[in-house]
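Peer 1: For reference, this is run.pdb, and it has PDB, C-alpha atoms.
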ATOM      1  CA  MET A  95      60.758 171.213 164.284  1.00  0.00           C
ATOM      2  CA  LYS A  96      63.669 169.013 165.333  1.00  0.00           C
ATOM      3  CA  GLU A  97      62.883 165.700 167.000  1.00  0.00           C
ATOM      4  CA  PHE A  98      64.270 166.820 170.349  1.00  0.00           C
ATOM      5  CA  GLY A  99      65.385 169.970 172.125  1.00  0.00           C
ATOM      6  CA  ASN A 100      67.280 170.035 175.409  1.00  0.00           C
ATOM      7  CA  ILE A 101      68.808 167.013 177.123  1.00  0.00           C
ATOM      8  CA  PHE A 102      68.176 166.658 180.843  1.00  0.00           C
ATOM      9  CA  LEU A 103      70.591 165.103 183.301  1.00  0.00           C
ATOM     10  CA  THR A 104      68.833 162.780 185.728  1.00  0.00           C
ATOM     11  CA  TRP A 105      70.120 160.978 188.815  1.00  0.00           C
ATOM     12  CA  ARG A 106      68.718 158.354 191.128  1.00  0.00           C
ATOM     13  CA  GLN A 107      69.945 156.617 194.243  1.00  0.00           C
ATOM     14  CA  GLY A 108      69.952 153.254 192.504  1.00  0.00           C
ATOM     15  CA  SER A 109      67.866 150.818 190.480  1.00  0.00           C
ATOM     16  CA  GLY A 110      64.221 150.984 191.472  1.00  0.00           C
ATOM     17  CA  HIS A 111      64.546 154.428 193.058  1.00  0.00           C
ATOM     18  CA  ARG A 112      62.945 157.672 191.912  1.00  0.00           C
ATOM     19  CA  ARG A 113      64.693 159.716 189.226  1.00  0.00           C
ATOM     20  CA  HIS A 114      65.563 163.339 189.959  1.00  0.00           C
ATOM     21  CA  ILE A 115      65.977 165.848 187.127  1.00  0.00           C
ATOM     22  CA  VAL A 116      69.138 167.614 188.273  1.00  0.00           C
ATOM     23  CA  GLY A 117      70.487 169.474 185.240  1.00  0.00           C
ATOM     24  CA  VAL A 118      70.017 170.474 181.615  1.00  0.00           C
ATOM     25  CA  LEU A 119      72.219 170.590 178.513  1.00  0.00           C
ATOM     26  CA  LYS A 120      71.316 173.193 175.913  1.00  0.00           C
ATOM     27  CA  LYS A 121      72.720 174.128 172.528  1.00  0.00           C
ATOM     28  CA  SER A 122      73.862 177.739 172.289  1.00  0.00           C
ATOM     29  CA  ALA A 123      74.431 179.562 169.000  1.00  0.00           C
ATOM     30  CA  THR A 124      77.524 181.253 170.421  1.00  0.00           C
ATOM     31  CA  LYS A 125      78.833 178.916 173.142  1.00  0.00           C
ATOM     32  CA  GLY A 126      78.205 175.432 171.803  1.00  0.00           C
ATOM     33  CA  VAL A 127      76.634 173.181 174.424  1.00  0.00           C
ATOM     34  CA  ILE A 128      76.101 174.644 177.898  1.00  0.00           C
ATOM     35  CA  PHE A 129      75.211 172.884 181.130  1.00  0.00           C
ATOM     36  CA  GLN A 130      73.607 174.036 184.346  1.00  0.00           C
ATOM     37  CA  TYR A 131      72.011 172.429 187.367  1.00  0.00           C
ATOM     38  CA  LEU A 132      68.308 172.848 188.095  1.00  0.00           C
ATOM     39  CA  GLN A 133      68.630 174.200 191.605  1.00  0.00           C
ATOM     40  CA  LYS A 134      64.938 173.779 192.447  1.00  0.00           C
ATOM     41  CA  ASN A 135      65.413 169.990 192.226  1.00  0.00           C
ATOM     42  CA  ILE A 136      68.821 169.671 193.846  1.00  0.00           C
ATOM     43  CA  ASP A 137      67.778 169.856 197.516  1.00  0.00           C
ATOM     44  CA  LYS A 138      65.358 166.933 197.141  1.00  0.00           C
ATOM     45  CA  ALA A 139      68.002 164.911 195.292  1.00  0.00           C
ATOM     46  CA  LYS A 140      70.556 165.631 198.025  1.00  0.00           C
ATOM     47  CA  GLU A 141      68.195 164.082 200.559  1.00  0.00           C
ATOM     48  CA  HIS A 142      68.774 160.811 198.719  1.00  0.00           C
ATOM     49  CA  GLY A 143      72.555 161.131 198.441  1.00  0.00           C
ATOM     50  CA  PHE A 144      73.078 163.185 195.289  1.00  0.00           C
ATOM     51  CA  VAL A 145      76.472 164.804 194.759  1.00  0.00           C
ATOM     52  CA  PRO A 146      77.311 166.939 191.699  1.00  0.00           C
ATOM     53  CA  TYR A 147      78.948 165.493 188.618  1.00  0.00           C
ATOM     54  CA  THR A 148      82.689 165.339 189.339  1.00  0.00           C
ATOM     55  CA  GLU A 149      83.751 167.628 186.484  1.00  0.00           C
ATOM     56  CA  PHE A 150      80.969 170.141 187.246  1.00  0.00           C
ATOM     57  CA  PRO A 151      81.049 170.598 191.039  1.00  0.00           C
ATOM     58  CA  GLU A 152      79.469 174.058 191.411  1.00  0.00           C
ATOM     59  CA  ILE A 153      75.676 173.963 191.623  1.00  0.00           C
ATOM     60  CA  ASP A 154      75.095 177.652 190.848  1.00  0.00           C
ATOM     61  CA  LYS A 155      77.438 177.935 187.844  1.00  0.00           C
ATOM     62  CA  ILE A 156      76.553 177.869 184.142  1.00  0.00           C
ATOM     63  CA  TYR A 157      79.198 175.745 182.425  1.00  0.00           C
ATOM     64  CA  THR A 158      80.243 176.648 178.898  1.00  0.00           C
ATOM     65  CA  ASP A 159      83.671 175.024 178.464  1.00  0.00           C
ATOM     66  CA  ASN A 160      84.186 171.404 177.388  1.00  0.00           C
ATOM     67  CA  VAL A 161      80.632 170.415 178.324  1.00  0.00           C
ATOM     68  CA  LEU A 162      79.941 168.079 175.409  1.00  0.00           C
ATOM     69  CA  GLU A 163      83.526 166.813 175.410  1.00  0.00           C
ATOM     70  CA  THR A 164      83.201 165.831 179.068  1.00  0.00           C
ATOM     71  CA  PHE A 165      79.822 164.134 178.839  1.00  0.00           C
ATOM     72  CA  SER A 166      80.668 162.399 175.546  1.00  0.00           C
ATOM     73  CA  THR A 167      83.256 160.270 177.358  1.00  0.00           C
ATOM     74  CA  ARG A 168      80.200 158.252 178.423  1.00  0.00           C
ATOM     75  CA  LEU A 169      79.522 157.256 174.828  1.00  0.00           C
ATOM     76  CA  THR A 170      80.573 153.903 173.429  1.00  0.00           C
ATOM     77  CA  LYS A 171      83.896 154.279 171.618  1.00  0.00           C
ATOM     78  CA  PRO A 172      83.492 154.193 167.813  1.00  0.00           C
ATOM     79  CA  GLU A 173      86.595 152.009 167.426  1.00  0.00           C
ATOM     80  CA  ARG A 174      84.954 149.092 169.254  1.00  0.00           C
ATOM     81  CA  THR A 175      84.517 146.013 167.090  1.00  0.00           C
ATOM     82  CA  ASP A 176      80.837 145.767 168.050  1.00  0.00           C
ATOM     83  CA  ILE A 177      80.008 149.424 167.396  1.00  0.00           C
ATOM     84  CA  SER A 178      77.824 148.606 164.382  1.00  0.00           C
ATOM     85  CA  ASP A 179      75.660 146.355 166.591  1.00  0.00           C
ATOM     86  CA  PHE A 180      75.445 149.148 169.154  1.00  0.00           C
ATOM     87  CA  TYR A 181      74.281 151.664 166.533  1.00  0.00           C
ATOM     88  CA  LYS A 182      71.825 149.128 165.128  1.00  0.00           C
ATOM     89  CA  PHE A 183      70.251 148.486 168.539  1.00  0.00           C
ATOM     90  CA  TRP A 184      69.751 152.191 169.266  1.00  0.00           C
ATOM     91  CA  GLU A 185      68.674 152.777 165.641  1.00  0.00           C
ATOM     92  CA  ILE A 186      71.226 155.506 165.119  1.00  0.00           C
ATOM     93  CA  VAL A 187      70.840 157.333 161.813  1.00  0.00           C
ATOM     94  CA  GLU A 188      74.050 156.893 159.810  1.00  0.00           C
ATOM     95  CA  LYS A 189      74.490 160.592 159.033  1.00  0.00           C
ATOM     96  CA  ASN A 190      74.330 161.454 162.750  1.00  0.00           C
ATOM     97  CA  LYS A 191      76.736 158.869 164.155  1.00  0.00           C
ATOM     98  CA  ASP A 192      79.439 161.524 164.660  1.00  0.00           C
ATOM     99  CA  ASP A 193      77.065 163.983 166.373  1.00  0.00           C
ATOM    100  CA  LYS A 194      77.834 163.567 170.078  1.00  0.00           C
ATOM    101  CA  PHE A 195      74.849 165.598 171.268  1.00  0.00           C
ATOM    102  CA  TYR A 196      72.560 163.362 169.195  1.00  0.00           C
ATOM    103  CA  LEU A 197      74.254 160.185 170.440  1.00  0.00           C
ATOM    104  CA  LEU A 198      74.009 161.292 174.068  1.00  0.00           C
ATOM    105  CA  ALA A 199      70.283 161.877 173.606  1.00  0.00           C
ATOM    106  CA  LYS A 200      69.610 158.643 171.742  1.00  0.00           C
ATOM    107  CA  THR A 201      71.654 156.278 173.940  1.00  0.00           C
ATOM    108  CA  GLN A 202      71.023 158.069 177.277  1.00  0.00           C
ATOM    109  CA  GLY A 203      74.729 158.045 178.204  1.00  0.00           C
ATOM    110  CA  PHE A 204      74.176 155.301 180.771  1.00  0.00           C
ATOM    111  CA  LEU A 205      77.153 153.844 182.645  1.00  0.00           C
ATOM    112  CA  PRO A 206      76.992 150.969 185.153  1.00  0.00           C
ATOM    113  CA  THR A 207      79.427 152.849 187.394  1.00  0.00           C
ATOM    114  CA  ASP A 208      77.072 155.689 188.389  1.00  0.00           C
ATOM    115  CA  ASN A 209      73.381 156.598 188.494  1.00  0.00           C
ATOM    116  CA  PHE A 210      73.241 159.396 185.918  1.00  0.00           C
ATOM    117  CA  GLU A 211      71.236 159.305 182.681  1.00  0.00           C
ATOM    118  CA  PHE A 212      70.680 161.789 179.865  1.00  0.00           C
ATOM    119  CA  LEU A 213      67.064 162.048 178.719  1.00  0.00           C
ATOM    120  CA  ALA A 214      66.087 164.120 175.692  1.00  0.00           C
ATOM    121  CA  ASP A 215      62.902 166.174 175.504  1.00  0.00           C
ATOM    122  CA  TYR A 216      61.397 164.751 172.309  1.00  0.00           C
ATOM    123  CA  HIS A 217      58.789 166.298 170.009  1.00  0.00           C
ATOM    124  CA  PRO A 218      56.045 164.367 168.139  1.00  0.00           C
ATOM    125  CA  VAL A 219      57.280 165.081 164.615  1.00  0.00           C
ATOM    126  CA  ILE A 220      56.929 162.883 161.541  1.00  0.00           C
ATOM    127  CA  GLY A 221      59.654 160.254 161.604  1.00  0.00           C
ATOM    128  CA  LEU A 222      60.292 160.488 165.354  1.00  0.00           C
ATOM    129  CA  ASN A 223      61.853 157.298 166.645  1.00  0.00           C
ATOM    130  CA  PHE A 224      63.599 156.707 169.974  1.00  0.00           C
ATOM    131  CA  LEU A 225      64.250 153.940 172.474  1.00  0.00           C
ATOM    132  CA  THR A 226      63.630 154.105 176.194  1.00  0.00           C
ATOM    133  CA  ASP A 227      63.628 151.517 178.957  1.00  0.00           C
ATOM    134  CA  LEU A 228      60.493 151.484 181.070  1.00  0.00           C
ATOM    135  CA  ALA A 229      60.483 152.580 184.704  1.00  0.00           C
ATOM    136  CA  GLY A 230      58.924 150.507 187.467  1.00  0.00           C
ATOM    137  CA  VAL A 231      59.338 147.144 185.727  1.00  0.00           C
ATOM    138  CA  SER A 232      61.319 145.483 188.527  1.00  0.00           C
ATOM    139  CA  HIS A 233      58.518 146.130 191.047  1.00  0.00           C
ATOM    140  CA  LEU A 234      55.948 144.280 188.926  1.00  0.00           C
ATOM    141  CA  LYS A 235      57.799 140.937 188.826  1.00  0.00           C
ATOM    142  CA  LEU A 236      56.308 140.023 185.462  1.00  0.00           C
ATOM    143  CA  LYS A 237      56.607 136.420 184.281  1.00  0.00           C
ATOM    144  CA  PRO A 238      59.292 135.826 181.622  1.00  0.00           C
ATOM    145  CA  ASP A 239      56.692 135.012 178.962  1.00  0.00           C
ATOM    146  CA  ALA A 240      54.498 138.033 179.713  1.00  0.00           C
ATOM    147  CA  LEU A 241      56.103 140.005 176.871  1.00  0.00           C
ATOM    148  CA  ALA A 242      57.705 139.276 173.526  1.00  0.00           C
ATOM    149  CA  ILE A 243      59.867 141.388 171.230  1.00  0.00           C
ATOM    150  CA  GLY A 244      57.617 143.163 168.751  1.00  0.00           C
ATOM    151  CA  ASP A 245      54.599 143.337 171.053  1.00  0.00           C
ATOM    152  CA  GLU A 246      52.552 146.477 170.499  1.00  0.00           C
ATOM    153  CA  LEU A 247      51.744 148.285 173.733  1.00  0.00           C
ATOM    154  CA  ARG A 248      49.295 151.005 174.702  1.00  0.00           C
ATOM    155  CA  PHE A 249      49.578 153.912 177.090  1.00  0.00           C
ATOM    156  CA  GLU A 250      47.434 155.986 179.404  1.00  0.00           C
ATOM    157  CA  LYS A 251      48.022 159.396 180.945  1.00  0.00           C
ATOM    158  CA  GLU A 252      47.942 159.093 184.719  1.00  0.00           C
ATOM    159  CA  SER A 253      47.203 162.691 185.687  1.00  0.00           C
ATOM    160  CA  ASN A 254      46.093 161.669 189.175  1.00  0.00           C
ATOM    161  CA  ASN A 255      49.478 160.141 190.003  1.00  0.00           C
ATOM    162  CA  PRO A 256      50.508 161.762 193.328  1.00  0.00           C
ATOM    163  CA  LYS A 257      54.221 161.636 192.461  1.00  0.00           C
ATOM    164  CA  ASP A 258      54.048 162.816 188.847  1.00  0.00           C
ATOM    165  CA  ASP A 259      50.978 164.299 187.142  1.00  0.00           C
ATOM    166  CA  LYS A 260      52.657 163.743 183.746  1.00  0.00           C
ATOM    167  CA  ALA A 261      53.085 160.018 184.341  1.00  0.00           C
ATOM    168  CA  ILE A 262      52.501 157.756 181.336  1.00  0.00           C
ATOM    169  CA  LYS A 263      51.550 154.179 182.243  1.00  0.00           C
ATOM    170  CA  VAL A 264      52.206 151.452 179.674  1.00  0.00           C
ATOM    171  CA  PHE A 265      50.110 148.308 179.185  1.00  0.00           C
ATOM    172  CA  LYS A 266      49.994 145.140 177.131  1.00  0.00           C
ATOM    173  CA  GLY A 267      46.254 144.767 176.814  1.00  0.00           C
ATOM    174  CA  ASP A 268      45.054 145.250 180.378  1.00  0.00           C
ATOM    175  CA  MET A 269      48.347 144.171 181.965  1.00  0.00           C
ATOM    176  CA  GLU A 270      50.505 146.937 183.420  1.00  0.00           C
ATOM    177  CA  ILE A 271      54.072 146.837 182.081  1.00  0.00           C
ATOM    178  CA  GLY A 272      55.630 149.960 183.606  1.00  0.00           C
ATOM    179  CA  TYR A 273      55.985 153.683 183.013  1.00  0.00           C
ATOM    180  CA  ILE A 274      57.669 155.877 180.429  1.00  0.00           C
ATOM    181  CA  LYS A 275      60.616 157.566 182.124  1.00  0.00           C
ATOM    182  CA  LYS A 276      60.482 161.202 183.190  1.00  0.00           C
ATOM    183  CA  ILE A 277      61.332 163.693 180.418  1.00  0.00           C
ATOM    184  CA  HIS A 278      60.669 161.008 177.779  1.00  0.00           C
ATOM    185  CA  ALA A 279      57.064 161.079 178.980  1.00  0.00           C
ATOM    186  CA  ASN A 280      56.729 164.745 177.979  1.00  0.00           C
ATOM    187  CA  VAL A 281      56.308 163.896 174.302  1.00  0.00           C
ATOM    188  CA  PHE A 282      53.011 162.122 175.014  1.00  0.00           C
ATOM    189  CA  HIS A 283      51.550 165.350 176.402  1.00  0.00           C
ATOM    190  CA  LYS A 284      52.416 167.491 173.367  1.00  0.00           C
ATOM    191  CA  SER A 285      50.119 168.128 170.411  1.00  0.00           C
ATOM    192  CA  GLY A 286      50.019 164.933 168.378  1.00  0.00           C
ATOM    193  CA  GLY A 287      51.364 162.828 171.236  1.00  0.00           C
ATOM    194  CA  GLU A 288      48.203 160.745 171.313  1.00  0.00           C
ATOM    195  CA  LYS A 289      49.257 159.245 167.958  1.00  0.00           C
ATOM    196  CA  LEU A 290      52.535 157.827 169.236  1.00  0.00           C
ATOM    197  CA  LYS A 291      53.157 154.087 168.934  1.00  0.00           C
ATOM    198  CA  ILE A 292      55.002 151.901 171.451  1.00  0.00           C
ATOM    199  CA  LYS A 293      56.545 148.528 170.602  1.00  0.00           C
ATOM    200  CA  VAL A 294      58.764 146.163 172.620  1.00  0.00           C
ATOM    201  CA  LYS A 295      62.377 146.338 171.392  1.00  0.00           C
ATOM    202  CA  ALA A 296      64.289 144.174 173.889  1.00  0.00           C
ATOM    203  CA  ILE A 297      63.694 142.297 177.139  1.00  0.00           C
ATOM    204  CA  ASP A 298      66.100 141.465 179.965  1.00  0.00           C
ATOM    205  CA  LYS A 299      64.795 138.583 182.049  1.00  0.00           C
ATOM    206  CA  ASN A 300      66.042 136.118 184.622  1.00  0.00           C
ATOM    207  CA  GLY A 301      63.226 134.330 186.400  1.00  0.00           C
ATOM    208  CA  VAL A 302      61.164 137.500 186.001  1.00  0.00           C
ATOM    209  CA  ILE A 303      61.300 140.383 183.527  1.00  0.00           C
ATOM    210  CA  LYS A 304      63.905 142.807 184.839  1.00  0.00           C
ATOM    211  CA  ARG A 305      64.097 145.425 182.089  1.00  0.00           C
ATOM    212  CA  VAL A 306      62.081 146.329 179.009  1.00  0.00           C
ATOM    213  CA  PHE A 307      63.269 148.555 176.164  1.00  0.00           C
ATOM    214  CA  VAL A 308      60.540 149.994 173.987  1.00  0.00           C
ATOM    215  CA  LYS A 309      60.564 151.877 170.704  1.00  0.00           C
ATOM    216  CA  VAL A 310      58.463 155.027 170.606  1.00  0.00           C
ATOM    217  CA  SER A 311      57.604 156.267 167.125  1.00  0.00           C
ATOM    218  CA  PHE A 312      55.386 158.750 165.325  1.00  0.00           C
TER     219      PHE A 312
END
What do you get writing this file as C-alpha cells?
Peer 2:
Amino acid sequence: MKEFGNIFLTWRQGSGHRRHIVGVLKKSATKGVIFQYLQKNIDKAKEHGFVPYTEFPEIDKIYTDNVLETFSTRLTKPERTDISDFYKFWEIVEKNKDDKFYLLAKTQGFLPTDNFEFLADYHPVIGLNFLTDLAGVSHLKLKPDALAIGDELRFEKESNNPKDDKAIKVFKGDMEIGYIKKIHANVFHKSGGEKLKIKVKAIDKNGVIKRVFVKVSF
C-alpha cells in the first residue's frame, strides 16, 4: 500500500477558523490527475465566504486538463537557492523531489496569499513519515517554553467531539497542545493507527506559541 491516496483541497475563512474540505485530487490511470469539488461541503463553506479556485470556477465539473500543472504553481520553485533547506525541513525523499503530486501532498501547497491547503489521506504503512501543523494552537495561548523541538507527544481520539467525531487531540503529558488537522487525522483511525508516533518538529512563537509542526511516523 502506498503511504497516501487522494489529496483533499481544504479552505478556511482565515487563521483560527474551521477548515472545510471542498475538493479532491485523484490520480487516474488514463487522465493523469483529476480534480472535482465535493458539493456536499460547498454550501457550508460558502456561508463563510468560500469562492471556487480561480482556475476551476465550475462547482459541478470534473476537471481533467492541467490540474496538476495548475496546482503545482503553489510549490516552491526548485531553482531557489534555499530549496535544499526546504526539502530538508519537509523531509522530502530525494527520488521523489520531481514528483509534483507527492510534493503537493507533503508540503500542503500553502500560500500566504489565500486560505487553501492540500491535505493527503495517509495510510499507516511501514516507513510512513509526514509533517503537519497542529490545529487550534493559537486558541490555547501556550507559554513559549511549554514545548521544545524533539518533544514526544501523545494523542487521544475524541469521538464525542460535536464538530468532528474523528478529531485527534494531541497532548504533551496531560497538557493539551492542539489537534491533528482534518484529513491528516484519518490515518489515526485506520488499522495500525494506534502505533503512530508524534514528535515536535518546529515551533513558531512570539510571546506565546503560535504554530507547532509535528512529525507523524509509523
Peer 1: Under the rule that only C-alpha atoms are counted, which of A:Lys138, A:Lys309, A:Arg106, A:Arg174 is the nearest residue to His278 (chain A)?
Peer 2: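 Smallest separation from His278 (chain A) among the options: A:Lys309.
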Peer 1: Name the residues in contact with region 283-291 of chain A at a cut-off of 8 Å, using only C-alpha atoms, excluding same-chain residues fewer than 2 positions from it; report them as a PyMOL selection string.
Peer 2: chain A and resi 217-218+246-248+260+279-281+293+309-312
Peer 1: Could you check the closest approach to Asn135 (chain A) for each of A:His114, A:Lys194, A:Lys155, A:Lys120 and tell me which residue wins, using only C-alpha atoms?
Peer 2: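 Once distances to Asn135 (chain A) are computed over only C-alpha atoms, the minimum belongs to A:His114.
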Peer 1: Which residue out of A:Lys125, A:Ala242, A:Asn209, A:Asp179 has the minimum interatomic distance to Gly143 (chain A) when all atoms listed in the file are used?
Peer 2: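 Of A:Lys125, A:Ala242, A:Asn209, A:Asp179, the one nearest Gly143 (chain A) is A:Asn209, counting all atoms listed in the file.
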Peer 1: Tell me which protein, DNA and RNA residues are within 6 Å of region 227-236 of chain A, counting all atoms listed in the file, leaving out same-chain ones fewer than 4 positions away, and put them as a PyMOL selection string.
Peer 2: chain A and resi 272-275+302-304+306-307
Peer 1: Which is closest to Phe195 (chain A) among A:Thr167, A:Thr207, A:Gln107, A:Ser253, if we use all atoms listed in the file?
Peer 2: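 Answer, going by the shortest atom-to-atom distance: A:Thr167.
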Peer 1: In the coordinates of the file, take the point (54.5, 137.2, 176.6) and a cut-off of 12 Å; then, counting only C-alpha atoms, name each qualifying protein, DNA or RNA residue as number ranges by chain.
Peer 2: A: 236-247, 266-267, 269, 271, 294, 297, 299, 302-303
Peer 1: Print the selection's residues with C-alpha atoms to a file, as an mmCIF file, in the frame of the given file.
Peer 2:
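What landed in again-v5.cif:
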data_model
loop_
_atom_site.group_PDB
_atom_site.id
_atom_site.type_symbol
_atom_site.label_atom_id
_atom_site.label_comp_id
_atom_site.auth_asym_id
_atom_site.auth_seq_id
_atom_site.Cartn_x
_atom_site.Cartn_y
_atom_site.Cartn_z
ATOM 1 C CA LEU A 236 56.308 140.023 185.462
ATOM 2 C CA LYS A 237 56.607 136.420 184.281
ATOM 3 C CA PRO A 238 59.292 135.826 181.622
ATOM 4 C CA ASP A 239 56.692 135.012 178.962
ATOM 5 C CA ALA A 240 54.498 138.033 179.713
ATOM 6 C CA LEU A 241 56.103 140.005 176.871
ATOM 7 C CA ALA A 242 57.705 139.276 173.526
ATOM 8 C CA ILE A 243 59.867 141.388 171.230
ATOM 9 C CA GLY A 244 57.617 143.163 168.751
ATOM 10 C CA ASP A 245 54.599 143.337 171.053
ATOM 11 C CA GLU A 246 52.552 146.477 170.499
ATOM 12 C CA LEU A 247 51.744 148.285 173.733
ATOM 13 C CA LYS A 266 49.994 145.140 177.131
ATOM 14 C CA GLY A 267 46.254 144.767 176.814
ATOM 15 C CA MET A 269 48.347 144.171 181.965
ATOM 16 C CA ILE A 271 54.072 146.837 182.081
ATOM 17 C CA VAL A 294 58.764 146.163 172.620
ATOM 18 C CA ILE A 297 63.694 142.297 177.139
ATOM 19 C CA LYS A 299 64.795 138.583 182.049
ATOM 20 C CA VAL A 302 61.164 137.500 186.001
ATOM 21 C CA ILE A 303 61.300 140.383 183.527
#
Peer 1: Please measure the separation of CA of Arg113 (chain A) and CA of Glu141 (chain A), giving the value in Å to one decimal.
Peer 2: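 Going from CA of Arg113 (chain A) over to CA of Glu141 (chain A) covers 12.6 Å.
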